[in-house]
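As stored in model.pdb (PDB, C-alpha atoms):
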MODEL        1
ATOM      1  CA  ASN M   1       2.855 -16.315  -1.574  1.00  0.00           C
ATOM      2  CA  SER M   2       2.491 -15.182   2.061  1.00  0.00           C
ATOM      3  CA  GLY M   3       3.580 -12.359   4.337  1.00  0.00           C
ATOM      4  CA  LYS M   4       3.971  -8.632   3.803  1.00  0.00           C
ATOM      5  CA  ILE M   5       6.735  -6.866   1.871  1.00  0.00           C
ATOM      6  CA  LYS M   6       7.594  -3.160   1.941  1.00  0.00           C
ATOM      7  CA  LEU M   7       8.852  -1.801  -1.383  1.00  0.00           C
ATOM      8  CA  TYR M   8      10.749   1.459  -1.146  1.00  0.00           C
ATOM      9  CA  LYS M   9      13.097   3.785  -2.962  1.00  0.00           C
ATOM     10  CA  TYR M  10      15.378   6.570  -1.844  1.00  0.00           C
ATOM     11  CA  THR M  11      14.836  10.198  -2.805  1.00  0.00           C
ATOM     12  CA  PRO M  12      17.832  12.228  -4.036  1.00  0.00           C
ATOM     13  CA  GLU M  13      18.033  13.651  -0.475  1.00  0.00           C
ATOM     14  CA  GLY M  14      18.412  10.126   0.922  1.00  0.00           C
ATOM     15  CA  LYS M  15      14.911   9.874   2.400  1.00  0.00           C
ATOM     16  CA  VAL M  16      12.929   6.657   2.111  1.00  0.00           C
ATOM     17  CA  TYR M  17       9.857   6.744  -0.117  1.00  0.00           C
ATOM     18  CA  ILE M  18       7.569   3.719   0.339  1.00  0.00           C
ATOM     19  CA  VAL M  19       6.253   2.697  -3.052  1.00  0.00           C
ATOM     20  CA  ARG M  20       3.760   0.209  -1.604  1.00  0.00           C
ATOM     21  CA  ILE M  21       3.162  -2.610   0.817  1.00  0.00           C
ATOM     22  CA  ALA M  22       2.637  -5.928  -0.963  1.00  0.00           C
ATOM     23  CA  GLY M  23       0.746  -8.861   0.479  1.00  0.00           C
ATOM     24  CA  ALA M  24       0.142 -12.489  -0.368  1.00  0.00           C
ATOM     25  CA  GLY M  25      -0.468 -13.129  -4.058  1.00  0.00           C
ATOM     26  CA  GLU M  26       0.832  -9.777  -5.288  1.00  0.00           C
ATOM     27  CA  LEU M  27       3.414  -9.381  -8.026  1.00  0.00           C
ATOM     28  CA  LEU M  28       6.703  -7.655  -7.306  1.00  0.00           C
ATOM     29  CA  GLY M  29       9.124  -6.250  -9.850  1.00  0.00           C
ATOM     30  CA  TYR M  30       7.115  -7.194 -12.898  1.00  0.00           C
ATOM     31  CA  ARG M  31       7.875  -3.969 -14.821  1.00  0.00           C
ATOM     32  CA  ALA M  32      11.592  -4.723 -14.611  1.00  0.00           C
ATOM     33  CA  PHE M  33      10.858  -8.395 -15.319  1.00  0.00           C
ATOM     34  CA  PHE M  34       9.089  -7.564 -18.596  1.00  0.00           C
ATOM     35  CA  THR M  35      11.586  -4.917 -19.718  1.00  0.00           C
ATOM     36  CA  ASN M  36      14.604  -6.993 -18.650  1.00  0.00           C
ATOM     37  CA  GLU M  37      15.895  -4.093 -16.520  1.00  0.00           C
ATOM     38  CA  SER M  38      17.173  -4.001 -12.975  1.00  0.00           C
ATOM     39  CA  TYR M  39      14.488  -3.421 -10.359  1.00  0.00           C
ATOM     40  CA  SER M  40      14.938   0.013  -8.867  1.00  0.00           C
ATOM     41  CA  ALA M  41      13.123  -0.486  -5.547  1.00  0.00           C
ATOM     42  CA  THR M  42      14.285  -2.276  -2.435  1.00  0.00           C
ATOM     43  CA  ALA M  43      12.107  -4.948  -0.842  1.00  0.00           C
ATOM     44  CA  GLU M  44      12.032  -5.516   2.905  1.00  0.00           C
ATOM     45  CA  VAL M  45      10.108  -8.303   4.602  1.00  0.00           C
ATOM     46  CA  LEU M  46       7.732  -6.900   7.259  1.00  0.00           C
ATOM     47  CA  GLU M  47       6.731 -10.311   8.615  1.00  0.00           C
ATOM     48  CA  ASP M  48       7.613 -13.907   7.871  1.00  0.00           C
ATOM     49  CA  ALA M  49       7.075 -14.391   4.167  1.00  0.00           C
ATOM     50  CA  TYR M  50       7.263 -17.085   1.524  1.00  0.00           C
ATOM     51  CA  ILE M  51       8.341 -15.548  -1.784  1.00  0.00           C
ATOM     52  CA  CYS M  52       8.231 -17.244  -5.183  1.00  0.00           C
ATOM     53  CA  PHE M  53      10.509 -16.321  -8.068  1.00  0.00           C
ATOM     54  CA  LEU M  54       9.716 -16.857 -11.728  1.00  0.00           C
ATOM     55  CA  ASP M  55      12.209 -17.764 -14.388  1.00  0.00           C
ATOM     56  CA  ARG M  56      11.792 -15.256 -17.214  1.00  0.00           C
ATOM     57  CA  ASN M  57      12.177 -17.793 -20.056  1.00  0.00           C
ATOM     58  CA  ASN M  58       9.774 -20.295 -18.484  1.00  0.00           C
ATOM     59  CA  PHE M  59       7.227 -17.546 -17.882  1.00  0.00           C
ATOM     60  CA  PHE M  60       7.322 -16.338 -21.490  1.00  0.00           C
ATOM     61  CA  GLY M  61       6.934 -19.957 -22.573  1.00  0.00           C
ATOM     62  CA  LEU M  62       3.772 -20.170 -20.463  1.00  0.00           C
ATOM     63  CA  LEU M  63       2.421 -17.019 -22.094  1.00  0.00           C
ATOM     64  CA  LYS M  64       2.894 -18.588 -25.523  1.00  0.00           C
ATOM     65  CA  ARG M  65       1.057 -21.756 -24.462  1.00  0.00           C
ATOM     66  CA  TYR M  66      -1.753 -19.944 -22.587  1.00  0.00           C
ATOM     67  CA  PRO M  67      -2.680 -16.727 -24.436  1.00  0.00           C
ATOM     68  CA  ASN M  68      -5.511 -15.953 -21.978  1.00  0.00           C
ATOM     69  CA  LEU M  69      -2.819 -15.319 -19.406  1.00  0.00           C
ATOM     70  CA  TYR M  70      -1.882 -12.226 -21.437  1.00  0.00           C
ATOM     71  CA  LEU M  71      -5.360 -10.777 -20.854  1.00  0.00           C
ATOM     72  CA  HIS M  72      -5.156 -11.287 -17.095  1.00  0.00           C
ATOM     73  CA  LEU M  73      -1.704  -9.766 -17.042  1.00  0.00           C
ATOM     74  CA  LEU M  74      -2.799  -6.715 -19.046  1.00  0.00           C
ATOM     75  CA  GLU M  75      -5.729  -6.206 -16.694  1.00  0.00           C
ATOM     76  CA  LYS M  76      -3.384  -6.313 -13.698  1.00  0.00           C
ATOM     77  CA  LEU M  77      -0.958  -3.884 -15.346  1.00  0.00           C
ATOM     78  CA  GLY M  78      -3.805  -1.519 -16.216  1.00  0.00           C
ATOM     79  CA  LYS M  79      -5.111  -1.497 -12.639  1.00  0.00           C
ATOM     80  CA  ASP M  80      -1.644  -0.887 -11.238  1.00  0.00           C
ATOM     81  CA  LEU M  81      -1.080   1.967 -13.700  1.00  0.00           C
ATOM     82  CA  ARG M  82      -4.376   3.541 -12.639  1.00  0.00           C
ATOM     83  CA  CYS M  83      -3.302   3.280  -8.975  1.00  0.00           C
ATOM     84  CA  ALA M  84       0.024   4.952  -9.753  1.00  0.00           C
ATOM     85  CA  GLU M  85      -1.740   7.766 -11.627  1.00  0.00           C
ATOM     86  CA  ASP M  86      -4.199   8.228  -8.743  1.00  0.00           C
ATOM     87  CA  ARG M  87      -1.357   8.338  -6.239  1.00  0.00           C
ATOM     88  CA  ALA M  88       0.479  11.011  -8.236  1.00  0.00           C
ATOM     89  CA  ARG M  89      -2.730  13.065  -8.407  1.00  0.00           C
ATOM     90  CA  ASP M  90      -3.368  12.635  -4.689  1.00  0.00           C
ATOM     91  CA  LEU M  91       0.126  13.777  -3.742  1.00  0.00           C
ATOM     92  CA  ALA M  92      -0.290  16.882  -5.885  1.00  0.00           C
ATOM     93  CA  TYR M  93      -3.837  17.899  -4.975  1.00  0.00           C
ATOM     94  CA  LYS M  94      -5.020  16.345  -1.712  1.00  0.00           C
ATOM     95  CA  SER M  95      -4.336  17.531   1.807  1.00  0.00           C
ATOM     96  CA  SER M  96      -2.280  15.482   4.248  1.00  0.00           C
ATOM     97  CA  GLN M  97      -5.486  14.850   6.214  1.00  0.00           C
ATOM     98  CA  GLU M  98      -7.238  13.384   3.167  1.00  0.00           C
ATOM     99  CA  ARG M  99      -4.197  11.280   2.260  1.00  0.00           C
ATOM    100  CA  ILE M 100      -3.838   9.771   5.748  1.00  0.00           C
ATOM    101  CA  VAL M 101      -7.546   8.922   5.959  1.00  0.00           C
ATOM    102  CA  GLU M 102      -7.428   7.340   2.486  1.00  0.00           C
ATOM    103  CA  LEU M 103      -4.362   5.342   3.544  1.00  0.00           C
ATOM    104  CA  LEU M 104      -6.213   4.112   6.629  1.00  0.00           C
ATOM    105  CA  PHE M 105      -9.099   2.927   4.436  1.00  0.00           C
ATOM    106  CA  MET M 106      -6.697   1.284   1.969  1.00  0.00           C
ATOM    107  CA  LEU M 107      -5.019  -0.530   4.880  1.00  0.00           C
ATOM    108  CA  LYS M 108      -8.474  -1.501   6.165  1.00  0.00           C
ATOM    109  CA  GLU M 109      -9.315  -3.110   2.823  1.00  0.00           C
ATOM    110  CA  ALA M 110      -6.010  -5.001   2.647  1.00  0.00           C
ATOM    111  CA  TYR M 111      -5.332  -5.816   6.316  1.00  0.00           C
ATOM    112  CA  GLY M 112      -8.488  -5.004   8.288  1.00  0.00           C
ATOM    113  CA  ILE M 113      -9.949  -7.461  10.765  1.00  0.00           C
ATOM    114  CA  SER M 114     -13.456  -6.656  12.000  1.00  0.00           C
ATOM    115  CA  GLN M 115     -13.827  -6.710  15.768  1.00  0.00           C
ATOM    116  CA  ALA M 116     -16.897  -7.658  17.855  1.00  0.00           C
ATOM    117  CA  ASN M 117     -17.316  -4.040  18.998  1.00  0.00           C
ATOM    118  CA  GLY M 118     -17.621  -2.772  15.401  1.00  0.00           C
ATOM    119  CA  SER M 119     -14.092  -1.420  15.162  1.00  0.00           C
ATOM    120  CA  VAL M 120     -11.535  -2.666  12.633  1.00  0.00           C
ATOM    121  CA  LEU M 121      -8.020  -3.738  13.594  1.00  0.00           C
ATOM    122  CA  LEU M 122      -5.377  -2.919  10.996  1.00  0.00           C
ATOM    123  CA  ASN M 123      -3.317  -6.109  11.004  1.00  0.00           C
ATOM    124  CA  ILE M 124      -0.112  -4.403   9.920  1.00  0.00           C
ATOM    125  CA  THR M 125       2.450  -2.516  11.963  1.00  0.00           C
ATOM    126  CA  LEU M 126       3.776   0.663  10.379  1.00  0.00           C
ATOM    127  CA  SER M 127       5.928   3.288  12.056  1.00  0.00           C
ATOM    128  CA  ARG M 128       4.972   6.964  11.908  1.00  0.00           C
ATOM    129  CA  GLU M 129       7.924   7.424   9.538  1.00  0.00           C
ATOM    130  CA  GLU M 130       6.613   4.714   7.215  1.00  0.00           C
ATOM    131  CA  ILE M 131       3.134   6.254   7.183  1.00  0.00           C
ATOM    132  CA  ALA M 132       4.673   9.655   6.401  1.00  0.00           C
ATOM    133  CA  SER M 133       6.643   8.103   3.560  1.00  0.00           C
ATOM    134  CA  MET M 134       3.532   6.481   2.131  1.00  0.00           C
ATOM    135  CA  ILE M 135       1.497   9.699   2.060  1.00  0.00           C
ATOM    136  CA  GLY M 136       4.298  12.092   1.120  1.00  0.00           C
ATOM    137  CA  THR M 137       4.513  14.178   4.277  1.00  0.00           C
ATOM    138  CA  THR M 138       6.646  14.585   7.382  1.00  0.00           C
ATOM    139  CA  THR M 139       6.646  12.378  10.462  1.00  0.00           C
ATOM    140  CA  GLU M 140       5.617  15.406  12.534  1.00  0.00           C
ATOM    141  CA  THR M 141       2.531  15.905  10.362  1.00  0.00           C
ATOM    142  CA  VAL M 142       1.587  12.228  10.730  1.00  0.00           C
ATOM    143  CA  VAL M 143       1.948  12.415  14.526  1.00  0.00           C
ATOM    144  CA  ARG M 144      -0.211  15.556  14.576  1.00  0.00           C
ATOM    145  CA  LEU M 145      -2.865  13.989  12.303  1.00  0.00           C
ATOM    146  CA  LEU M 146      -3.016  10.710  14.247  1.00  0.00           C
ATOM    147  CA  THR M 147      -3.344  12.628  17.524  1.00  0.00           C
ATOM    148  CA  TRP M 148      -6.175  14.686  16.001  1.00  0.00           C
ATOM    149  CA  LEU M 149      -7.925  11.512  14.753  1.00  0.00           C
ATOM    150  CA  LYS M 150      -7.619   9.958  18.239  1.00  0.00           C
ATOM    151  CA  LYS M 151      -9.077  13.061  19.910  1.00  0.00           C
ATOM    152  CA  LYS M 152     -11.985  12.975  17.448  1.00  0.00           C
ATOM    153  CA  GLY M 153     -12.598   9.318  18.367  1.00  0.00           C
ATOM    154  CA  PHE M 154     -11.962   7.993  14.845  1.00  0.00           C
ATOM    155  CA  ILE M 155      -9.009   5.785  15.764  1.00  0.00           C
ATOM    156  CA  LYS M 156      -7.570   4.079  18.829  1.00  0.00           C
ATOM    157  CA  THR M 157      -4.124   2.632  19.427  1.00  0.00           C
ATOM    158  CA  GLU M 158      -3.179  -0.206  21.745  1.00  0.00           C
ATOM    159  CA  ARG M 159       0.443  -1.349  21.928  1.00  0.00           C
ATOM    160  CA  LYS M 160       1.379  -0.556  18.322  1.00  0.00           C
ATOM    161  CA  LYS M 161      -2.017  -1.781  17.075  1.00  0.00           C
ATOM    162  CA  LEU M 162      -4.268   0.664  15.276  1.00  0.00           C
ATOM    163  CA  PHE M 163      -8.048   0.396  15.335  1.00  0.00           C
ATOM    164  CA  LEU M 164     -10.487   2.312  13.149  1.00  0.00           C
ATOM    165  CA  ILE M 165     -13.553   3.119  15.227  1.00  0.00           C
ATOM    166  CA  GLN M 166     -16.097   5.443  13.612  1.00  0.00           C
ATOM    167  CA  LEU M 167     -15.800   4.388   9.984  1.00  0.00           C
ATOM    168  CA  GLU M 168     -18.727   6.399   8.600  1.00  0.00           C
ATOM    169  CA  GLN M 169     -17.615   9.607  10.286  1.00  0.00           C
ATOM    170  CA  LEU M 170     -14.013   8.944   9.261  1.00  0.00           C
ATOM    171  CA  ALA M 171     -15.107   8.502   5.639  1.00  0.00           C
ATOM    172  CA  GLU M 172     -16.793  11.913   5.769  1.00  0.00           C
ATOM    173  CA  LEU M 173     -13.321  13.467   6.015  1.00  0.00           C
ATOM    174  CA  ILE M 174     -12.677  12.404   2.416  1.00  0.00           C
ATOM    175  CA  PRO M 175     -14.659  14.307  -0.208  1.00  0.00           C
ATOM    176  CA  ASN M 176     -16.340  12.033  -2.785  1.00  0.00           C
ATOM    177  CA  TYR M 177     -15.492   8.838  -0.900  1.00  0.00           C
TER     178      TYR M 177
ENDMDL
END
Conversion result in structure tokens:
Amino acid sequence: NSGKIKLYKYTPEGKVYIVRIAGAGELLGYRAFFTNESYSATAEVLEDAYICFLDRNNFFGLLKRYPNLYLHLLEKLGKDLRCAEDRARDLAYKSSQERIVELLFMLKEAYGISQANGSVLLNITLSREEIASMIGTTTETVVRLLTWLKKKGFIKTERKKLFLIQLEQLAELIPNY
């Protein structure tokens, strides 16, 4: 209902892999909910959050009474499947530079706050390790890429806050954006 939640899994080597960051109004664990399986990811609250739980039997009763809800649910599932397919493709075929810039734009869409000077504050705090986990690279690569983006004038950091500055020029780093 409110707040931000980090969903992650562990790789066989014991590294954390961030599946996604969920915000207010997003569904968590619905695949396991529908298949009546255990949820395989761990959820961690990133900021104060209010989380609602659904009773499986009551929910299926609602679906029977309101068939249009099925259509909305299928649309949501389809969009999430497309995102998962795109992410798999990106990890296989895009450079770390492209993936970090795309992540910055995704965070802008979800958590961006426009500033008077034209920059955009990303209203979410992520460590370098978390960013690396989200784009499938090493922390060292993320540090190197963020330093390069700062030197180019595309981003600015102030006390753990990240600002996107030259959005049009930043977007040019992503082919077909």
At a cut-off of 12 Å, can you tabulate as CSV every residue of stretch 9-118 of chain M near stretch 157-165 of chain M together with its closest atom pair and the distance in Å to one decimal, using only C-alpha atoms and ordering rows by chain then number?
residue,atom,partner,partner_atom,distance
M:Val101,CA,M:Leu164,CA,10.2
M:Leu103,CA,M:Leu164,CA,11.8
M:Leu104,CA,M:Leu164,CA,8.0
M:Phe105,CA,M:Leu164,CA,8.8
M:Met106,CA,M:Leu164,CA,11.8
M:Leu107,CA,M:Leu164,CA,10.3
M:Lys108,CA,M:Leu164,CA,8.2
M:Glu109,CA,M:Leu164,CA,11.7
M:Tyr111,CA,M:Leu162,CA,11.1
M:Gly112,CA,M:Phe163,CA,8.9
M:Ile113,CA,M:Phe163,CA,9.3
M:Ser114,CA,M:Phe163,CA,9.5
M:Gln115,CA,M:Phe163,CA,9.2
M:Ala116,CA,M:Ile165,CA,11.6
M:Asn117,CA,M:Ile165,CA,8.9
M:Gly118,CA,M:Ile165,CA,7.2
Checklist outcome for this item: What separates atom CA of M:Leu74 and atom CA of M:Leu27 is a distance of 12.9 Å
Next on the checklist: So that I can see what lies close to M:Leu91, please list as JSON, numbers by chain the residues with an atom at most 8 Å from it, counting all atoms listed in the file and leaving out residues fewer than 3 positions away in the same chain.
Outcome noted: {"M": [87, 88, 94, 99, 135, 136]}
Checklist entry - When distances are computed from all atoms listed in the file, which of M:Thr35, M:Ser96, M:Asn58, M:Thr139 shows the smallest separation from M:Leu173? => result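 Closest candidate: M:Ser96.
Using only C-alpha atoms for every distance, the candidate list M:Ser95, M:Ser2, M:Ser38, M:Thr11 yields M:Ser2 as the residue closest to M:Tyr50.
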Checklist entry - Quick one: of M:Glu37, M:Glu130, M:Glu140, M:Glu168, who's nearest to M:Val19, counting only C-alpha atoms? => result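 Once distances to M:Val19 are computed over only C-alpha atoms, the minimum belongs to M:Glu130.
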As an mmCIF file, in the frame of the given file, please: stretch 126-137 of chain M completed to N, CA, C and O atoms.
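Saved file part.cif follows:
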data_model
loop_
_atom_site.group_PDB
_atom_site.id
_atom_site.type_symbol
_atom_site.label_atom_id
_atom_site.label_comp_id
_atom_site.auth_asym_id
_atom_site.auth_seq_id
_atom_site.Cartn_x
_atom_site.Cartn_y
_atom_site.Cartn_z
ATOM 1 N N LEU M 126 3.002 -0.323 11.120
ATOM 2 C CA LEU M 126 3.776 0.663 10.379
ATOM 3 C C LEU M 126 4.207 1.765 11.346
ATOM 4 O O LEU M 126 3.413 2.212 12.165
ATOM 5 N N SER M 127 5.449 2.188 11.222
ATOM 6 C CA SER M 127 5.928 3.288 12.056
ATOM 7 C C SER M 127 5.347 4.600 11.536
ATOM 8 O O SER M 127 4.855 4.679 10.404
ATOM 9 N N ARG M 128 5.422 5.634 12.336
ATOM 10 C CA ARG M 128 4.972 6.964 11.908
ATOM 11 C C ARG M 128 5.783 7.419 10.690
ATOM 12 O O ARG M 128 5.242 8.045 9.780
ATOM 13 N N GLU M 129 7.066 7.066 10.667
ATOM 14 C CA GLU M 129 7.924 7.424 9.538
ATOM 15 C C GLU M 129 7.467 6.730 8.265
ATOM 16 O O GLU M 129 7.464 7.327 7.183
ATOM 17 N N GLU M 130 7.077 5.454 8.389
ATOM 18 C CA GLU M 130 6.613 4.714 7.215
ATOM 19 C C GLU M 130 5.297 5.287 6.692
ATOM 20 O O GLU M 130 5.109 5.415 5.478
ATOM 21 N N ILE M 131 4.401 5.640 7.603
ATOM 22 C CA ILE M 131 3.134 6.254 7.183
ATOM 23 C C ILE M 131 3.419 7.568 6.465
ATOM 24 O O ILE M 131 2.850 7.843 5.409
ATOM 25 N N ALA M 132 4.316 8.380 7.027
ATOM 26 C CA ALA M 132 4.673 9.655 6.401
ATOM 27 C C ALA M 132 5.231 9.423 5.006
ATOM 28 O O ALA M 132 4.880 10.146 4.057
ATOM 29 N N SER M 133 6.059 8.422 4.859
ATOM 30 C CA SER M 133 6.643 8.103 3.560
ATOM 31 C C SER M 133 5.571 7.693 2.554
ATOM 32 O O SER M 133 5.635 8.039 1.382
ATOM 33 N N MET M 134 4.578 6.970 3.026
ATOM 34 C CA MET M 134 3.532 6.481 2.131
ATOM 35 C C MET M 134 2.597 7.589 1.654
ATOM 36 O O MET M 134 2.030 7.486 0.559
ATOM 37 N N ILE M 135 2.428 8.641 2.461
ATOM 38 C CA ILE M 135 1.497 9.699 2.060
ATOM 39 C C ILE M 135 2.212 10.983 1.647
ATOM 40 O O ILE M 135 1.572 11.991 1.367
ATOM 41 N N GLY M 136 3.542 10.949 1.613
ATOM 42 C CA GLY M 136 4.298 12.092 1.120
ATOM 43 C C GLY M 136 4.269 13.296 2.038
ATOM 44 O O GLY M 136 4.044 14.416 1.574
ATOM 45 N N THR M 137 4.478 13.075 3.326
ATOM 46 C CA THR M 137 4.513 14.178 4.277
ATOM 47 C C THR M 137 5.579 13.914 5.329
ATOM 48 O O THR M 137 6.318 12.950 5.228
#
